[in-house]
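Read the structure below first, then the notes.
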Amino acid sequence: MTDIKTNHTKLTIIGTGMAGMAAACFASYNRIDTIQIGVNSGMIYSSGFFDLMGIHPIDTQLSWNNPWQAIDQLVADMPNHPYARLRKSEIETAMNQFLEFMEAADRPYMFNKNQNTEVITPVGTVKRTYAVPLSMWAGAVALKERHSCLIVDFVGLKAFSAKQIADMLTPRWPKIRPLRLSFPAVGASADLYPEQMARALEVEANRIKLADAIRPYLGDAKSLGLPAILGIYKPRQVRNHLEELLGVNIFEIPTIPPSVPGIRLKEALEVFLAGRGVRLIPQKRILFAKRQKNGKFVLSVGDHGSDETEQIIETDGVILAGGRFLGMGLYAGRKQIQEPLFDLPVFQPGDRAYWHQSNFFDTKGHQISQAGLEIDHSFRPTDLKGKPVYDNLFAAGSILAHQDWMRQKCGAGLAIATAYGAVKAFKKRL
Ligand SMILES: Cc1cc2nc3c(=O)[nH]c(=O)nc-3n(C[C@H](O)[C@H](O)[C@H](O)COP(=O)(O)OP(=O)(O)OC[C@H]3O[C@@H](n4cnc5c(N)ncnc54)[C@H](O)[C@@H]3O)c2cc1C
């Protein structure tokens, strides 16, 4: 019989999505001995923008310029929303600290303290977000100033059309022009994928070829918009070099998922956290969780779809950042929604018939998008009477109830702020 390795730790973070990563950053900042575990998350699909609070109420689609005023109104109207578990100053500290981590991880973000910024989406619409990757910031500036701008797409790159983006934006931005080129670094007839193009542009010779292909068409353009393909590991150097070669400001526009900015975020945070002593168990899941008499949790680690325990974690506390259905933190069965690991009560509509509205595009959203774990003010999942189920189990991110991050445009903000709250509550117990 093989011996199964047992890892001992103070804190285990279940999840490597935005909430899990943010929790790991805050834990390492607080010097808490931490193990993190998870498989691929929503992060690799994310545009890279950090939304804090954009839309409230959902049914009227009211879009807010000032995210902090939006949070005030949201908390007044929805006292069960996870943001209501934090003071506004704590949400601000969480965002500021996380943006400092991003700077330290060499993935800087730009933002206006009290104002959302308008940015261009992959389909050419404009949305408001809070923090913008440096590589996309010149696009927000160009959109605001409406100066002369060239947008380029590439033959073979699916679902990214410079013409569509220009057509959508021309009414408010007449000096925007589209251009389609063959991507010079790969075969002409190949289907192109953003990750493959980003890797190609890490090579200097390919950047020179790309600049040579674009230069004849620049005309009076003051800035140049490209799909988000400007390198995975060295995005700053890739963009700086192209700017030097072409003499204009260059910005990225997100592509449809999986997205290069999301992959960059994941890679950079993994390196950053490893450097700060967080022990990551990558591409594995917690299969079973059990609480011992001494209060510690014993977690079995293995592969998805397997019952075989490969290693064990014995931990003083857990932050569950397992996401909703995509992350598999929640499971939608035939009759009800379950939390599969700790069998925690899940807030949900009384009957499956109420999960979705009959109109999929109903502006009110769907009741299933408010399902999740209810928590107390210390981010501990509660039972039906509002009592914490375990004093050393905390939850953060999209697994929480009473929020619809996608429609409210608060995905990253909610993940970061609740991760901050959960780590702070865990630390108090030490
Ligand atoms: C297509 C798309 C676009 C987005 N765009 C934006 C955007 O523009 N702006 C923005 O702010 N946000 C955006 N987001 C949202 C954001 O990236 C996060 O997905 C969201 O905030 C939820 O993060 P999370 O960490 O709570 O959950 P998830 O990202 O779902 O992560 C859950 C994690 O838990 C792990 N897990 C679950 N169960 C277990 C288990 N038993 N054992 C181990 N690990 C487990 C999963 O493997 C995964 O790592 C986007 C998301 C998607 C999907």
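Letters A, B, ... go to the chains of the structure tokens in the order shown; residues in each chain start at 1; ligands are counted from 1 in the same order.
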
Selection: 12 Å around range 231-233 of chain A, only C-alpha atoms, excl. self and same-chain fewer than 2 positions, as a PyMOL selection string:
chain A and resi 105-107+135+194-204+206-207+227-229+235-242+252+259-269+271

If you count only C-alpha atoms, which residues fall within 10 Å of Arg407 in chain A, apart from same-chain ones fewer than 3 positions away, as a list of chain:residue names?
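With the cut-off at 10 Å, the set is A:Met53, A:Gly54, A:Ile55, A:His56, A:Pro57, A:Ile58, A:Asp59, A:Gln61, A:Thr363, A:Lys364, A:Gly365, A:Ser369, A:Gln403, A:Asp404, A:Cys410, A:Gly411.
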
So which residues touch Lys163 in chain A within 7 Å, counting only C-alpha atoms, skipping near sequence neighbours fewer than 3 positions away, as a list in words?
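Near Lys163 in chain A, the qualifying residues are Ala166, Asp167 and Pro178 of chain A.
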
If you keep all heavy atoms, can you produce a file of those selected residues as a PDB file, in the first residue's frame?
ATOM      1  N   ALA A 166     -15.548  49.279 -35.654  1.00  0.00           N
ATOM      2  CA  ALA A 166     -15.594  50.647 -36.201  1.00  0.00           C
ATOM      3  C   ALA A 166     -17.035  51.046 -36.530  1.00  0.00           C
ATOM      4  O   ALA A 166     -17.461  52.164 -36.217  1.00  0.00           O
ATOM      5  CB  ALA A 166     -14.707  50.738 -37.433  1.00  0.00           C
ATOM      6  N   ASP A 167     -17.803  50.125 -37.130  1.00  0.00           N
ATOM      7  CA  ASP A 167     -19.205  50.446 -37.464  1.00  0.00           C
ATOM      8  C   ASP A 167     -19.998  50.805 -36.212  1.00  0.00           C
ATOM      9  O   ASP A 167     -20.804  51.727 -36.204  1.00  0.00           O
ATOM     10  CB  ASP A 167     -19.890  49.256 -38.154  1.00  0.00           C
ATOM     11  CG  ASP A 167     -19.446  49.111 -39.594  1.00  0.00           C
ATOM     12  OD1 ASP A 167     -18.770  50.046 -40.091  1.00  0.00           O
ATOM     13  OD2 ASP A 167     -19.749  48.072 -40.213  1.00  0.00           O
ATOM     14  N   PRO A 178     -11.241  50.882 -39.798  1.00  0.00           N
ATOM     15  CA  PRO A 178     -10.866  49.471 -39.667  1.00  0.00           C
ATOM     16  C   PRO A 178      -9.862  49.039 -40.746  1.00  0.00           C
ATOM     17  O   PRO A 178      -9.809  49.634 -41.819  1.00  0.00           O
ATOM     18  CB  PRO A 178     -12.191  48.751 -39.895  1.00  0.00           C
ATOM     19  CG  PRO A 178     -12.931  49.635 -40.854  1.00  0.00           C
ATOM     20  CD  PRO A 178     -12.466  51.041 -40.629  1.00  0.00           C
TER      21      PRO A 178
END

Protein and nucleic acid residues within 7 Å of ligand 1 (only C-alpha atoms and all ligand atoms) as a PyMOL selection string
chain A and resi 14-20+37-43+45-52+257+284-287+321-324+326-329+341+396-399+409-415

Write out as an MDAnalysis selection string all residues of range 232-385 of chain A that DSSP puts in helix (DSSP H, G or I) for this structure's backbone.
chainID A and resid 235:246 260:275 352:354 367:370

Counting only C-alpha atoms, the option among A:Val141, A:Asn66, A:Ala353, A:Ile319 closest to Lys335 in chain A
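The answer is A:Ala353, which sits nearest to Lys335 in chain A.
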
Taking only C-alpha atoms into account, which of A:Leu179, A:His402, A:Asp391, A:Ile165 comes nearest Pro216 in chain A?
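Closest to Pro216 in chain A, using only C-alpha atoms: A:Leu179.
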
Leu246 in chain A environment, 8 Å, only C-alpha atoms, sequence neighbours closer than 3 positions dropped, as a ChimeraX atom specification:
/A:211,215,242-243

Take the residues from that selection and write them out as a PDB file, in the first residue's frame, keeping all heavy atoms.
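Just written: result.pdb:
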ATOM      1  N   ALA A 211       4.806  45.224 -37.560  1.00  0.00           N
ATOM      2  CA  ALA A 211       4.887  46.688 -37.685  1.00  0.00           C
ATOM      3  C   ALA A 211       5.043  47.073 -39.156  1.00  0.00           C
ATOM      4  O   ALA A 211       4.405  48.023 -39.633  1.00  0.00           O
ATOM      5  CB  ALA A 211       6.054  47.219 -36.856  1.00  0.00           C
ATOM      6  N   ARG A 215       2.415  49.637 -40.939  1.00  0.00           N
ATOM      7  CA  ARG A 215       2.918  51.004 -41.154  1.00  0.00           C
ATOM      8  C   ARG A 215       2.306  51.716 -42.366  1.00  0.00           C
ATOM      9  O   ARG A 215       1.856  52.876 -42.258  1.00  0.00           O
ATOM     10  CB  ARG A 215       4.449  50.982 -41.254  1.00  0.00           C
ATOM     11  CG  ARG A 215       5.073  52.355 -41.112  1.00  0.00           C
ATOM     12  CD  ARG A 215       6.589  52.315 -41.042  1.00  0.00           C
ATOM     13  NE  ARG A 215       7.121  51.667 -39.867  1.00  0.00           N
ATOM     14  CZ  ARG A 215       7.677  50.443 -39.835  1.00  0.00           C
ATOM     15  NH1 ARG A 215       7.772  49.716 -40.949  1.00  0.00           N
ATOM     16  NH2 ARG A 215       8.133  49.941 -38.725  1.00  0.00           N
ATOM     17  N   LEU A 242       6.438  47.577 -30.179  1.00  0.00           N
ATOM     18  CA  LEU A 242       5.590  47.917 -31.339  1.00  0.00           C
ATOM     19  C   LEU A 242       5.329  49.431 -31.385  1.00  0.00           C
ATOM     20  O   LEU A 242       5.295  50.032 -32.465  1.00  0.00           O
ATOM     21  CB  LEU A 242       4.267  47.148 -31.272  1.00  0.00           C
ATOM     22  CG  LEU A 242       4.334  45.687 -31.732  1.00  0.00           C
ATOM     23  CD1 LEU A 242       3.046  44.955 -31.375  1.00  0.00           C
ATOM     24  CD2 LEU A 242       4.585  45.579 -33.232  1.00  0.00           C
ATOM     25  N   GLU A 243       5.156  50.042 -30.214  1.00  0.00           N
ATOM     26  CA  GLU A 243       4.941  51.505 -30.186  1.00  0.00           C
ATOM     27  C   GLU A 243       6.174  52.245 -30.721  1.00  0.00           C
ATOM     28  O   GLU A 243       6.055  53.202 -31.480  1.00  0.00           O
ATOM     29  CB  GLU A 243       4.626  51.978 -28.752  1.00  0.00           C
ATOM     30  CG  GLU A 243       3.187  51.657 -28.356  1.00  0.00           C
ATOM     31  CD  GLU A 243       2.764  52.259 -27.012  1.00  0.00           C
ATOM     32  OE1 GLU A 243       3.641  52.605 -26.202  1.00  0.00           O
ATOM     33  OE2 GLU A 243       1.553  52.357 -26.804  1.00  0.00           O
TER      34      GLU A 243
END

Kindly give the distance, in Å, that separates CA of Lys144 in chain A and CA of Gln164 in chain A, rounded to a single decimal.
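Going from CA of Lys144 in chain A over to CA of Gln164 in chain A, I get 19.1 Å.
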
Got a sec: who's within 12 Å of Gln336 in chain A, counting only C-alpha atoms, leaving out chain neighbours fewer than 6 positions off, as JSON, numbers by chain?
{"A": [330, 345, 346, 347, 348, 349, 350, 351, 352, 353, 354, 355, 368, 371, 372]}

Emit the selected residues as a compact mmCIF listing (two decimals), in the first residue's frame, including C-alpha atoms.
# COMPACT_ATOMS: atom_id res chain seq x y z
CA LEU A 330 -22.31 24.55 -6.84
CA PRO A 345 -27.37 24.97 2.63
CA VAL A 346 -27.82 26.81 -0.67
CA PHE A 347 -30.16 29.79 -1.08
CA GLN A 348 -32.23 29.05 -4.19
CA PRO A 349 -35.69 29.40 -5.73
CA GLY A 350 -38.29 27.11 -4.13
CA ASP A 351 -38.80 25.10 -7.30
CA ARG A 352 -36.82 24.38 -10.47
CA ALA A 353 -39.65 25.96 -12.44
CA TYR A 354 -38.52 29.35 -11.09
CA TRP A 355 -34.82 28.98 -11.91
CA ILE A 368 -30.78 31.01 -10.47
CA ALA A 371 -28.41 31.33 -5.81
CA GLY A 372 -25.52 30.52 -3.53

Figure out the distance between CA of Glu118 in chain A and CA of Gly219 in chain A, please, to one decimal in Å.
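Here the two named atoms are 25.7 Å from each other.
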
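With only C-alpha atoms as the atoms that count, the minimum distance from Ser182 in chain A to the choices A:Gly386, A:Leu210, A:Ser161, A:Leu11 is reached by A:Leu210.
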